[in-house]
$ cat run21.csv   # CSV, C-alpha atoms
chain,number,residue,atom,x,y,z
I,22,MET,CA,164.3,56.0,74.1
I,23,SER,CA,167.1,58.0,75.6
I,24,GLU,CA,164.9,60.1,77.9
I,25,ARG,CA,162.3,57.4,79.0
I,26,LEU,CA,163.3,57.9,82.7
I,27,SER,CA,162.9,61.7,82.6
I,28,GLY,CA,161.6,62.9,86.0
I,29,ARG,CA,162.3,59.6,87.8
I,30,ARG,CA,164.3,59.5,91.0
I,31,ILE,CA,166.4,56.4,91.7
I,32,ALA,CA,168.5,55.9,94.8
I,33,LEU,CA,171.5,53.7,94.9
I,34,LEU,CA,173.1,52.6,98.2
I,35,ILE,CA,176.8,52.4,98.7
I,36,GLU,CA,179.2,51.6,101.5
I,37,GLU,CA,182.9,50.8,101.8
I,38,GLY,CA,183.9,48.0,99.5
I,39,PHE,CA,181.2,48.4,96.9
I,40,ALA,CA,181.5,46.6,93.5
I,41,ALA,CA,182.5,49.5,91.2
I,42,ARG,CA,180.9,48.2,88.0
I,43,GLU,CA,177.6,47.5,89.8
I,44,VAL,CA,177.5,51.1,90.9
I,45,LEU,CA,179.1,53.1,88.1
I,46,ASP,CA,177.3,51.3,85.2
I,47,PRO,CA,173.8,51.8,86.6
I,48,ILE,CA,174.5,55.5,87.4
I,49,ALA,CA,175.8,56.1,83.9
I,50,GLN,CA,173.0,54.3,82.1
I,51,LEU,CA,170.1,55.5,84.3
I,52,ARG,CA,171.3,59.1,84.0
I,53,GLY,CA,171.7,58.6,80.3
I,54,GLU,CA,168.0,57.7,80.2
I,55,GLY,CA,167.1,60.9,81.9
I,56,ALA,CA,166.7,59.7,85.5
I,57,GLU,CA,167.9,61.6,88.6
I,58,VAL,CA,170.3,59.1,90.4
I,59,ILE,CA,170.9,59.7,94.0
I,60,VAL,CA,174.0,58.0,95.6
I,61,ALA,CA,173.2,57.4,99.3
I,62,ALA,CA,175.2,56.0,102.1
I,63,PRO,CA,175.2,55.9,105.9
I,64,SER,CA,177.3,59.1,105.9
I,65,THR,CA,178.2,61.9,103.5
I,66,ARG,CA,181.3,62.9,105.4
I,67,ALA,CA,183.9,61.1,103.3
I,68,PRO,CA,184.2,59.2,100.0
I,69,TYR,CA,183.6,55.5,100.0
I,70,ARG,CA,186.1,53.2,98.2
I,71,ASP,CA,185.2,50.2,96.1
I,72,LYS,CA,186.5,46.8,97.0
I,73,THR,CA,189.7,47.2,94.9
I,74,GLY,CA,190.5,50.5,96.5
I,75,ALA,CA,190.9,52.1,93.1
I,76,VAL,CA,187.5,53.8,92.8
I,77,SER,CA,186.2,56.5,95.3
I,78,LEU,CA,182.6,57.8,95.3
I,79,GLU,CA,181.0,60.4,97.6
I,80,ALA,CA,177.4,60.0,98.7
I,81,GLY,CA,175.1,62.9,97.9
I,82,THR,CA,172.8,62.1,100.8
I,83,THR,CA,172.4,59.7,103.7
I,84,ALA,CA,170.1,56.7,103.6
I,85,GLY,CA,168.3,58.1,106.6
I,86,ALA,CA,167.4,61.3,104.7
I,87,LEU,CA,165.6,59.3,101.9
I,88,ARG,CA,162.0,58.4,101.9
I,89,ALA,CA,160.7,55.5,99.8
I,90,ALA,CA,157.6,57.5,98.9
I,91,ALA,CA,159.8,60.1,97.2
I,92,LEU,CA,161.7,57.5,95.0
I,93,ASP,CA,160.8,55.6,91.8
I,94,ALA,CA,163.3,52.8,92.4
I,95,LEU,CA,166.0,51.7,94.9
I,96,ILE,CA,169.2,49.8,93.9
I,97,LEU,CA,171.4,47.7,96.2
I,98,PRO,CA,174.7,47.0,94.4
I,99,GLY,CA,177.1,44.2,95.6
I,100,GLY,CA,180.6,43.8,96.8
I,101,HIS,CA,181.5,44.0,100.5
I,102,ALA,CA,179.1,47.0,100.9
I,103,PRO,CA,175.9,45.0,101.7
I,104,ASP,CA,177.6,43.4,104.7
I,105,ARG,CA,178.0,46.9,106.1
I,106,LEU,CA,174.7,48.4,104.9
I,107,ARG,CA,172.7,45.6,106.5
I,108,MET,CA,173.8,46.7,109.9
I,109,ARG,CA,172.3,50.2,109.5
I,110,PRO,CA,168.8,50.6,110.8
I,111,ALA,CA,168.1,53.5,108.4
I,112,VAL,CA,169.0,51.3,105.5
I,113,ILE,CA,166.8,48.5,106.7
I,114,ASP,CA,163.9,50.9,107.3
I,115,LEU,CA,164.3,52.3,103.8
I,116,VAL,CA,164.3,48.9,102.2
I,117,THR,CA,161.4,47.7,104.3
I,118,ASP,CA,159.3,50.7,103.3
I,119,ALA,CA,160.3,50.4,99.6
I,120,MET,CA,159.3,46.7,99.5
I,121,ALA,CA,156.1,47.4,101.4
I,122,ALA,CA,155.2,50.1,98.9
I,123,GLY,CA,155.9,47.9,95.9
I,124,LEU,CA,158.6,50.2,94.7
I,125,PRO,CA,160.9,48.7,92.1
I,126,VAL,CA,163.9,47.4,94.2
I,127,GLY,CA,167.0,46.0,92.5
I,128,ALA,CA,169.8,44.0,94.2
I,129,ILE,CA,172.9,42.7,92.6
I,130,CYS,CA,175.5,40.1,93.8
I,131,HIS,CA,175.6,40.4,97.6
I,132,GLY,CA,172.9,43.1,97.6
I,133,PRO,CA,170.2,40.6,98.6
I,134,GLN,CA,172.0,40.3,102.0
I,135,VAL,CA,170.3,43.6,102.8
I,136,LEU,CA,166.9,42.1,101.8
I,137,ILE,CA,167.5,39.2,104.1
I,138,THR,CA,168.1,41.5,107.1
I,139,ALA,CA,164.9,43.5,106.1
I,140,ASN,CA,163.1,40.1,106.2
I,141,VAL,CA,161.3,40.8,102.9
I,142,LEU,CA,162.2,37.6,100.9
I,143,ARG,CA,159.6,35.1,102.2
I,144,GLY,CA,158.0,33.6,99.1
I,145,ARG,CA,159.9,35.8,96.7
I,146,THR,CA,161.9,34.5,93.7
I,147,LEU,CA,165.4,35.9,93.2
I,148,THR,CA,169.0,35.4,92.2
I,149,CYS,CA,172.3,36.5,93.9
I,150,TRP,CA,176.0,35.7,94.1
I,151,PRO,CA,176.1,31.9,94.7
I,152,SER,CA,177.9,32.1,98.1
I,153,ILE,CA,174.7,33.6,99.7
I,154,ALA,CA,172.2,31.5,97.9
I,155,ILE,CA,171.8,29.3,101.0
I,156,ASP,CA,171.2,32.5,103.1
I,157,VAL,CA,168.5,33.6,100.6
I,158,THR,CA,166.9,30.2,100.8
I,159,ASN,CA,167.0,30.1,104.6
I,160,ALA,CA,165.4,33.5,104.6
I,161,GLY,CA,162.4,32.1,102.7
I,162,GLY,CA,163.4,33.1,99.2
I,163,LEU,CA,163.3,30.9,96.1
I,164,TYR,CA,166.8,31.1,94.6
I,165,MET,CA,167.3,30.7,90.9
I,166,ASP,CA,170.7,30.6,89.2
I,167,ARG,CA,169.8,32.9,86.3
I,168,PRO,CA,171.6,36.1,85.1
I,169,PHE,CA,168.7,38.1,86.4
I,170,VAL,CA,165.3,37.5,87.9
I,171,ARG,CA,162.3,39.8,88.0
I,172,ASP,CA,159.6,38.9,90.5
I,173,GLY,CA,157.1,41.7,90.4
I,174,ASN,CA,158.8,44.8,91.8
I,175,LEU,CA,161.9,42.8,92.9
I,176,ILE,CA,164.7,42.6,90.3
I,177,THR,CA,167.9,40.7,91.1
I,178,ALA,CA,171.1,39.8,89.3
I,179,ARG,CA,174.1,37.6,90.0
I,180,LYS,CA,177.1,39.9,89.2
I,181,GLY,CA,178.5,42.8,87.3
I,182,ASP,CA,178.2,41.0,83.9
I,183,ASP,CA,174.5,40.9,84.4
I,184,VAL,CA,174.0,44.6,84.9
I,185,PRO,CA,172.7,45.4,81.4
I,186,ALA,CA,169.9,42.8,81.6
I,187,PHE,CA,169.2,43.8,85.2
I,188,LEU,CA,168.8,47.4,84.3
I,189,GLU,CA,166.5,46.6,81.4
I,190,ALA,CA,164.3,44.6,83.8
I,191,LEU,CA,164.4,47.4,86.4
I,192,ILE,CA,163.5,50.0,83.9
I,193,ASN,CA,160.6,47.8,82.7
I,194,ALA,CA,159.3,47.6,86.3
I,195,MET,CA,159.6,51.4,86.6
I,196,LEU,CA,157.7,51.9,83.4
I,197,GLY,CA,154.9,49.6,84.5
I,198,VAL,CA,155.7,46.8,82.1
I,199,PRO,CA,154.3,43.6,83.7
I,200,ALA,CA,156.9,41.0,84.7
I,201,PRO,CA,156.9,38.0,82.3
I,202,THR,CA,155.1,34.9,83.7
I,203,ARG,CA,157.5,32.1,84.7
I,204,ARG,CA,156.5,28.5,84.7
K,18,MET,CA,201.6,25.0,130.3
K,19,SER,CA,203.5,26.0,127.2
K,20,GLU,CA,203.5,22.5,125.6
K,21,ARG,CA,200.0,21.4,126.5
K,22,LEU,CA,199.1,21.0,122.8
K,23,SER,CA,202.2,18.9,121.9
K,24,GLY,CA,201.3,16.3,119.2
K,25,ARG,CA,198.0,18.0,118.3
K,26,ARG,CA,197.3,18.8,114.7
K,27,ILE,CA,195.1,21.9,114.0
K,28,ALA,CA,194.0,23.0,110.5
K,29,LEU,CA,193.1,26.6,109.8
K,30,LEU,CA,191.4,27.5,106.5
K,31,ILE,CA,192.2,30.7,104.6
K,32,GLU,CA,191.2,32.3,101.3
K,33,GLU,CA,191.6,35.7,99.7
K,34,GLY,CA,190.6,38.5,102.0
K,35,PHE,CA,191.2,36.7,105.3
K,36,ALA,CA,191.3,38.7,108.6
K,37,ALA,CA,195.0,38.8,109.4
K,38,ARG,CA,194.7,38.9,113.2
K,39,GLU,CA,192.2,36.0,113.2
K,40,VAL,CA,194.8,33.9,111.3
K,41,LEU,CA,198.2,35.0,112.6
K,42,ASP,CA,197.3,35.2,116.3
K,43,PRO,CA,195.9,31.6,116.5
K,44,ILE,CA,198.9,30.3,114.5
K,45,ALA,CA,201.4,31.9,116.8
K,46,GLN,CA,199.7,31.0,120.0
K,47,LEU,CA,198.8,27.4,119.1
K,48,ARG,CA,202.3,26.7,117.8
K,49,GLY,CA,203.6,28.3,121.0
K,50,GLU,CA,201.6,25.7,122.9
K,51,GLY,CA,203.3,22.9,120.9
K,52,ALA,CA,200.6,22.2,118.3
K,53,GLU,CA,201.2,21.5,114.6
K,54,VAL,CA,199.2,24.2,112.8
K,55,ILE,CA,198.4,23.5,109.2
K,56,VAL,CA,197.3,26.4,107.0
K,57,ALA,CA,195.0,25.1,104.3
K,58,ALA,CA,193.2,26.7,101.4
K,59,PRO,CA,191.5,25.7,98.1
K,60,SER,CA,194.9,25.9,96.4
K,61,THR,CA,198.6,25.9,97.3
K,62,ARG,CA,199.7,27.6,94.0
K,63,ALA,CA,199.9,31.2,95.2
K,64,PRO,CA,199.9,33.2,98.5
K,65,TYR,CA,196.6,34.5,99.7
K,66,ARG,CA,196.3,38.2,100.8
K,67,ASP,CA,194.5,39.4,103.8
K,68,LYS,CA,191.6,41.9,103.4
K,69,THR,CA,193.9,44.9,103.7
K,70,GLY,CA,196.3,43.5,101.1
K,71,ALA,CA,199.2,44.0,103.5
K,72,VAL,CA,199.6,40.4,104.7
K,73,SER,CA,200.3,37.4,102.4
K,74,LEU,CA,200.2,33.8,103.5
K,75,GLU,CA,200.9,30.6,101.6
K,76,ALA,CA,198.8,27.5,102.3
K,77,GLY,CA,200.8,24.4,103.3
K,78,THR,CA,198.1,22.1,101.9
K,79,THR,CA,194.7,22.1,100.2
K,80,ALA,CA,191.4,21.7,102.1
K,81,GLY,CA,190.7,18.6,99.9
K,82,ALA,CA,193.9,16.9,101.1
K,83,LEU,CA,192.8,17.1,104.7
K,84,ARG,CA,190.8,14.5,106.5
K,85,ALA,CA,188.9,15.4,109.7
K,86,ALA,CA,189.9,12.1,111.3
K,87,ALA,CA,193.6,13.1,111.1
K,88,LEU,CA,192.9,16.5,112.9
K,89,ASP,CA,192.5,17.5,116.5
K,90,ALA,CA,190.7,20.8,115.6
K,91,LEU,CA,189.6,23.0,112.7
K,92,ILE,CA,189.5,26.8,112.7
K,93,LEU,CA,187.6,29.0,110.3
K,94,PRO,CA,188.9,32.6,110.6
K,95,GLY,CA,186.8,35.6,109.3
K,96,GLY,CA,187.2,38.5,106.9
K,97,HIS,CA,186.1,38.1,103.3
K,98,ALA,CA,187.6,34.6,103.1
K,99,PRO,CA,184.5,32.6,104.4
K,100,ASP,CA,182.4,34.0,101.5
K,101,ARG,CA,184.9,32.3,99.2
K,102,LEU,CA,185.5,29.2,101.3
K,103,ARG,CA,181.8,28.4,101.5
K,104,MET,CA,181.6,27.9,97.7
K,105,ARG,CA,184.3,25.1,97.8
K,106,PRO,CA,182.8,21.6,98.1
K,107,ALA,CA,186.1,20.2,99.6
K,108,VAL,CA,185.8,22.8,102.4
K,109,ILE,CA,182.2,22.0,103.1
K,110,ASP,CA,183.0,18.3,103.1
K,111,LEU,CA,185.8,18.8,105.6
K,112,VAL,CA,183.6,21.0,107.9
K,113,THR,CA,180.7,18.5,107.6
K,114,ASP,CA,183.0,15.6,108.6
K,115,ALA,CA,184.6,17.5,111.4
K,116,MET,CA,181.2,18.5,112.9
K,117,ALA,CA,179.8,14.9,112.5
K,118,ALA,CA,182.9,13.6,114.3
K,119,GLY,CA,182.5,16.0,117.2
K,120,LEU,CA,186.0,17.5,116.4
K,121,PRO,CA,186.6,20.9,118.1
K,122,VAL,CA,185.6,23.4,115.4
K,123,GLY,CA,186.3,27.1,115.9
K,124,ALA,CA,184.8,30.0,113.8
K,125,ILE,CA,185.4,33.7,114.1
K,126,CYS,CA,183.6,36.7,112.7
K,127,HIS,CA,182.3,35.7,109.3
K,128,GLY,CA,183.7,32.1,109.7
K,129,PRO,CA,180.2,30.8,110.6
K,130,GLN,CA,179.1,31.5,107.0
K,131,VAL,CA,180.9,28.2,106.2
K,132,LEU,CA,179.0,26.4,108.9
K,133,ILE,CA,175.7,27.8,107.5
K,134,THR,CA,176.6,26.3,104.0
K,135,ALA,CA,177.6,23.0,105.7
K,136,ASN,CA,174.1,23.0,107.3
K,137,VAL,CA,175.5,22.1,110.8
K,138,LEU,CA,174.0,24.9,112.9
K,139,ARG,CA,170.5,23.6,113.6
K,140,GLY,CA,170.0,23.8,117.3
K,141,ARG,CA,173.5,25.0,118.0
K,142,THR,CA,174.3,28.1,120.1
K,143,LEU,CA,176.9,30.5,118.7
K,144,THR,CA,178.2,34.0,118.1
K,145,CYS,CA,179.5,35.7,115.0
K,146,TRP,CA,180.0,39.1,113.4
K,147,PRO,CA,176.6,40.9,113.8
K,148,SER,CA,175.9,41.4,110.1
K,149,ILE,CA,175.4,37.6,109.7
K,150,ALA,CA,173.5,37.0,112.9
K,151,ILE,CA,170.3,36.8,110.9
K,152,ASP,CA,171.8,34.3,108.5
K,153,VAL,CA,172.9,32.2,111.5
K,154,THR,CA,169.4,32.4,113.0
K,155,ASN,CA,167.8,31.6,109.7
K,156,ALA,CA,170.1,28.5,109.4
K,157,GLY,CA,168.6,27.2,112.7
K,158,GLY,CA,171.4,28.5,115.1
K,159,LEU,CA,170.8,30.3,118.3
K,160,TYR,CA,172.8,33.6,118.1
K,161,MET,CA,174.2,35.1,121.2
K,162,ASP,CA,176.0,38.5,121.3
K,163,ARG,CA,178.9,37.4,123.5
K,164,PRO,CA,182.7,37.7,122.9
K,165,PHE,CA,182.9,33.9,122.5
K,166,VAL,CA,180.5,31.0,122.8
K,167,ARG,CA,181.3,27.4,123.4
K,168,ASP,CA,178.6,24.9,122.6
K,169,GLY,CA,180.2,21.5,123.1
K,170,ASN,CA,182.7,21.0,120.2
K,171,LEU,CA,181.7,24.3,118.5
K,172,ILE,CA,183.6,27.4,119.6
K,173,THR,CA,182.7,30.8,118.0
K,174,ALA,CA,183.8,34.4,118.5
K,175,ARG,CA,182.7,37.8,117.2
K,176,LYS,CA,186.0,39.4,116.0
K,177,GLY,CA,189.7,39.7,116.3
K,178,ASP,CA,189.6,41.2,119.8
K,179,ASP,CA,188.0,38.0,121.0
K,180,VAL,CA,190.7,35.7,119.8
K,181,PRO,CA,192.5,35.2,123.2
K,182,ALA,CA,189.2,34.0,124.9
K,183,PHE,CA,188.3,32.0,121.8
K,184,LEU,CA,191.6,30.2,121.8
K,185,GLU,CA,191.3,29.4,125.5
K,186,ALA,CA,187.9,27.9,124.9
K,187,LEU,CA,189.1,25.9,121.8
K,188,ILE,CA,192.1,24.6,123.7
K,189,ASN,CA,189.8,23.5,126.6
K,190,ALA,CA,187.6,21.6,124.1
K,191,MET,CA,190.7,19.9,122.6
K,192,LEU,CA,191.9,18.9,126.1
K,193,GLY,CA,188.5,17.4,127.0
K,194,VAL,CA,187.5,20.1,129.5
K,195,PRO,CA,183.7,20.0,129.5
K,196,ALA,CA,181.9,23.2,128.3
K,197,PRO,CA,180.4,25.3,131.1
K,198,THR,CA,176.7,24.9,131.5
K,199,ARG,CA,174.7,27.9,130.4
K,200,ARG,CA,171.3,28.9,131.7
$ encode --input "run21.csv" --output "structure tokens"
Amino acid sequence: MSERLSGRRIALLIEEGFAAREVLDPIAQLRGEGAEVIVAAPSTRAPYRDKTGAVSLEAGTTAGALRAAALDALILPGGHAPDRLRMRPAVIDLVTDAMAAGLPVGAICHGPQVLITANVLRGRTLTCWPSIAIDVTNAGGLYMDRPFVRDGNLITARKGDDVPAFLEALINAMLGVPAPTRR
Amino acid sequence: MSERLSGRRIALLIEEGFAAREVLDPIAQLRGEGAEVIVAAPSTRAPYRDKTGAVSLEAGTTAGALRAAALDALILPGGHAPDRLRMRPAVIDLVTDAMAAGLPVGAICHGPQVLITANVLRGRTLTCWPSIAIDVTNAGGLYMDRPFVRDGNLITARKGDDVPAFLEALINAMLGVPAPTRR
């Protein structure tokens, strides 16, 4: 099972104030499964700090240099980063293209704020950090308070604790395993 | 002019990660004008830190102990604090009561996130930090990119730089000066 993502390219978007666990755990696990994980940000000039200030991470590329068609999945971790990422047109373009192409897109905690700005939540079922549940609902999404939710290509989770289940659902989406039917 | 707010009680809500300038400048100016400024938070047990970690402030009372009817104005400063405040039912109750009573309510930067959760923005004109403009719009508000906006009792501003103009508009609302007509 350890190389089941061999040859897959997964981009993960960061900005100042990212939630360290929602970034570092997916990078480690997805690389451990054989995937190429690309850390992207608005700029590659300087490292970004997590929301505690204790963790720094450099981006390998810019969001504007990525093309959804060249990716196998896109991940939007949480923290304060999504509040910044959602103001970047290159990020919104990338997310819009990824959702339009049916690419597996994962968002954790405040990550769905970027999906709200991209206006891709109408009729979609998802979860998020509870403070933004009303924003998700007002954007036309159906909010569920569950550890993670998979709605087709869209995989969402509430917080860092939910990352293992979130990653398993994201990997299933990448491998073409159909989403379970909810009633 | 320096005592024009004598006898007025103004509450200001803080939480972890508040924007220091949007809290300290209003406190200083409003007290300078003779107002009693009450710093309220979910708890009074420990000081709250601003988003840089450099400024600490203790709350004099809890949001749950405040009654809108005993206040002359309510201020929601920005930063990361509103993301936390909006999850507190006592805060939402207070904001709901204040808006229903027509009390002057001010919100800066991310402060309108609390107004979204209180569901009091339908048909109201306001400004905010640009990242949440879409959330304000989805909540039924009319977003304007202006330094400050006064719509009747509701006074909003984009960021710390706008605090002087914001305070002047809030003070006008408290003194019963009608809002200017916009076209």
$ closest_atom_pairs --input "run21.csv" --of "chain K" --to "chain I" --cutoff "12 Å" --atoms "all atoms listed in the file" --output "tab-separated table"
residue	atom	partner	partner_atom	distance
K:Gly34	CA	I:Lys72	CA	10.5
K:Lys68	CA	I:Lys72	CA	9.5
K:Thr69	CA	I:Gly74	CA	9.7
K:Gly70	CA	I:Thr73	CA	9.8
K:Gly96	CA	I:His101	CA	10.2
K:His97	CA	I:His101	CA	8.0
K:Ala98	CA	I:Ser152	CA	11.2
K:Pro99	CA	I:Ser152	CA	9.1
K:Asp100	CA	I:Ser152	CA	6.0
K:Arg101	CA	I:Ser152	CA	7.1
K:Leu102	CA	I:Ser152	CA	8.7
K:Arg103	CA	I:Ser152	CA	6.4
K:Met104	CA	I:Ser152	CA	5.6
K:Arg105	CA	I:Ser152	CA	9.5
K:Pro106	CA	I:Ser152	CA	11.6
K:His127	CA	I:Asp104	CA	10.1
K:Pro129	CA	I:Asp156	CA	11.8
K:Gln130	CA	I:Ile153	CA	8.8
K:Val131	CA	I:Ser152	CA	9.5
K:Leu132	CA	I:Ile155	CA	11.1
K:Ile133	CA	I:Ile155	CA	7.7
K:Thr134	CA	I:Ile155	CA	6.4
K:Ala135	CA	I:Ile155	CA	9.8
K:Asn136	CA	I:Ile155	CA	9.2
K:Arg139	CA	I:Asn159	CA	11.6
K:Trp146	CA	I:Asp104	CA	10.0
K:Pro147	CA	I:Met108	CA	7.5
K:Ser148	CA	I:Met108	CA	5.7
K:Ile149	CA	I:Asp104	CA	8.0
K:Ala150	CA	I:Thr138	CA	9.1
K:Ile151	CA	I:Thr138	CA	6.4
K:Asp152	CA	I:Asp156	CA	5.7
K:Val153	CA	I:Asp156	CA	8.6
K:Thr154	CA	I:Asn159	CA	9.0
K:Asn155	CA	I:Asn159	CA	5.4
K:Ala156	CA	I:Asn159	CA	5.9
K:Gly157	CA	I:Asn159	CA	8.8
K:Gly158	CA	I:Asn159	CA	11.5
$ write_last_selection --input "run21.csv" --atoms "C-alpha atoms" --output "PDB file, keeping the file's coordinate frame"
ATOM      1  CA  GLY K  34     190.600  38.500 102.000  1.00  0.00           C
ATOM      2  CA  LYS K  68     191.600  41.900 103.400  1.00  0.00           C
ATOM      3  CA  THR K  69     193.900  44.900 103.700  1.00  0.00           C
ATOM      4  CA  GLY K  70     196.300  43.500 101.100  1.00  0.00           C
ATOM      5  CA  GLY K  96     187.200  38.500 106.900  1.00  0.00           C
ATOM      6  CA  HIS K  97     186.100  38.100 103.300  1.00  0.00           C
ATOM      7  CA  ALA K  98     187.600  34.600 103.100  1.00  0.00           C
ATOM      8  CA  PRO K  99     184.500  32.600 104.400  1.00  0.00           C
ATOM      9  CA  ASP K 100     182.400  34.000 101.500  1.00  0.00           C
ATOM     10  CA  ARG K 101     184.900  32.300  99.200  1.00  0.00           C
ATOM     11  CA  LEU K 102     185.500  29.200 101.300  1.00  0.00           C
ATOM     12  CA  ARG K 103     181.800  28.400 101.500  1.00  0.00           C
ATOM     13  CA  MET K 104     181.600  27.900  97.700  1.00  0.00           C
ATOM     14  CA  ARG K 105     184.300  25.100  97.800  1.00  0.00           C
ATOM     15  CA  PRO K 106     182.800  21.600  98.100  1.00  0.00           C
ATOM     16  CA  HIS K 127     182.300  35.700 109.300  1.00  0.00           C
ATOM     17  CA  PRO K 129     180.200  30.800 110.600  1.00  0.00           C
ATOM     18  CA  GLN K 130     179.100  31.500 107.000  1.00  0.00           C
ATOM     19  CA  VAL K 131     180.900  28.200 106.200  1.00  0.00           C
ATOM     20  CA  LEU K 132     179.000  26.400 108.900  1.00  0.00           C
ATOM     21  CA  ILE K 133     175.700  27.800 107.500  1.00  0.00           C
ATOM     22  CA  THR K 134     176.600  26.300 104.000  1.00  0.00           C
ATOM     23  CA  ALA K 135     177.600  23.000 105.700  1.00  0.00           C
ATOM     24  CA  ASN K 136     174.100  23.000 107.300  1.00  0.00           C
ATOM     25  CA  ARG K 139     170.500  23.600 113.600  1.00  0.00           C
ATOM     26  CA  TRP K 146     180.000  39.100 113.400  1.00  0.00           C
ATOM     27  CA  PRO K 147     176.600  40.900 113.800  1.00  0.00           C
ATOM     28  CA  SER K 148     175.900  41.400 110.100  1.00  0.00           C
ATOM     29  CA  ILE K 149     175.400  37.600 109.700  1.00  0.00           C
ATOM     30  CA  ALA K 150     173.500  37.000 112.900  1.00  0.00           C
ATOM     31  CA  ILE K 151     170.300  36.800 110.900  1.00  0.00           C
ATOM     32  CA  ASP K 152     171.800  34.300 108.500  1.00  0.00           C
ATOM     33  CA  VAL K 153     172.900  32.200 111.500  1.00  0.00           C
ATOM     34  CA  THR K 154     169.400  32.400 113.000  1.00  0.00           C
ATOM     35  CA  ASN K 155     167.800  31.600 109.700  1.00  0.00           C
ATOM     36  CA  ALA K 156     170.100  28.500 109.400  1.00  0.00           C
ATOM     37  CA  GLY K 157     168.600  27.200 112.700  1.00  0.00           C
ATOM     38  CA  GLY K 158     171.400  28.500 115.100  1.00  0.00           C
TER      39      GLY K 158
END
$ residues_near_point --input "run21.csv" --point "(154.9, 55.4, 81.9)" --cutoff "9 Å" --atoms "only C-alpha atoms" --output "PDB file with C-alpha atoms, in the coordinates of the input"
ATOM      1  CA  ARG I  25     162.300  57.400  79.000  1.00  0.00           C
ATOM      2  CA  LEU I  26     163.300  57.900  82.700  1.00  0.00           C
ATOM      3  CA  MET I 195     159.600  51.400  86.600  1.00  0.00           C
ATOM      4  CA  LEU I 196     157.700  51.900  83.400  1.00  0.00           C
ATOM      5  CA  GLY I 197     154.900  49.600  84.500  1.00  0.00           C
ATOM      6  CA  VAL I 198     155.700  46.800  82.100  1.00  0.00           C
TER       7      VAL I 198
END
$ atom_distance --input "run21.csv" --atom1 "CA of Ala178 in chain I" --atom2 "CA of Ile129 in chain I"
4.7 Å
$ residues_near_point --input "run21.csv" --point "(185.5, 56.5, 101.9)" --cutoff "9 Å" --atoms "all atoms listed in the file" --output "MDAnalysis selection string"
chainID I and resid 36:38 66:71 77:79
$ closest_residue --input "run21.csv" --among "K:Thr173, K:Ala80, K:Arg38, K:Leu143" --to "Met161 in chain K" --atoms "all atoms listed in the file"
K:Leu143
$ atom_distance --input "run21.csv" --atom1 "CA of Ala32 in chain I" --atom2 "CA of Leu163 in chain I"
25.6 Å
$ build_atoms --input "run21.csv" --residues "range 27-38 of chain K" --atoms "N, CA and C atoms" --output "PDB file, in the coordinates of the input"
ATOM      1  N   ILE K  27     196.208  20.925 114.154  1.00  0.00           N
ATOM      2  CA  ILE K  27     195.100  21.900 114.000  1.00  0.00           C
ATOM      3  C   ILE K  27     195.154  22.481 112.622  1.00  0.00           C
ATOM      4  N   ALA K  28     194.059  22.417 111.883  1.00  0.00           N
ATOM      5  CA  ALA K  28     194.000  23.000 110.500  1.00  0.00           C
ATOM      6  C   ALA K  28     193.248  24.342 110.615  1.00  0.00           C
ATOM      7  N   LEU K  29     193.718  25.294 109.838  1.00  0.00           N
ATOM      8  CA  LEU K  29     193.100  26.600 109.800  1.00  0.00           C
ATOM      9  C   LEU K  29     192.921  26.946 108.301  1.00  0.00           C
ATOM     10  N   LEU K  30     191.715  27.321 107.933  1.00  0.00           N
ATOM     11  CA  LEU K  30     191.400  27.500 106.500  1.00  0.00           C
ATOM     12  C   LEU K  30     191.439  28.985 106.121  1.00  0.00           C
ATOM     13  N   ILE K  31     192.172  29.271 105.058  1.00  0.00           N
ATOM     14  CA  ILE K  31     192.200  30.700 104.600  1.00  0.00           C
ATOM     15  C   ILE K  31     191.810  30.752 103.113  1.00  0.00           C
ATOM     16  N   GLU K  32     191.502  31.962 102.724  1.00  0.00           N
ATOM     17  CA  GLU K  32     191.200  32.300 101.300  1.00  0.00           C
ATOM     18  C   GLU K  32     191.515  33.781 101.165  1.00  0.00           C
ATOM     19  N   GLU K  33     191.398  34.282  99.958  1.00  0.00           N
ATOM     20  CA  GLU K  33     191.600  35.700  99.700  1.00  0.00           C
ATOM     21  C   GLU K  33     190.761  36.571 100.582  1.00  0.00           C
ATOM     22  N   GLY K  34     191.375  37.581 101.196  1.00  0.00           N
ATOM     23  CA  GLY K  34     190.600  38.500 102.000  1.00  0.00           C
ATOM     24  C   GLY K  34     190.464  38.064 103.481  1.00  0.00           C
ATOM     25  N   PHE K  35     191.343  37.152 103.933  1.00  0.00           N
ATOM     26  CA  PHE K  35     191.200  36.700 105.300  1.00  0.00           C
ATOM     27  C   PHE K  35     191.511  37.848 106.304  1.00  0.00           C
ATOM     28  N   ALA K  36     190.996  37.714 107.507  1.00  0.00           N
ATOM     29  CA  ALA K  36     191.300  38.700 108.600  1.00  0.00           C
ATOM     30  C   ALA K  36     192.584  38.302 109.231  1.00  0.00           C
ATOM     31  N   ALA K  37     193.614  39.132 109.042  1.00  0.00           N
ATOM     32  CA  ALA K  37     195.000  38.800 109.400  1.00  0.00           C
ATOM     33  C   ALA K  37     195.113  38.345 110.871  1.00  0.00           C
ATOM     34  N   ARG K  38     194.530  39.152 111.750  1.00  0.00           N
ATOM     35  CA  ARG K  38     194.700  38.900 113.200  1.00  0.00           C
ATOM     36  C   ARG K  38     194.033  37.561 113.583  1.00  0.00           C
TER      37      ARG K  38
END
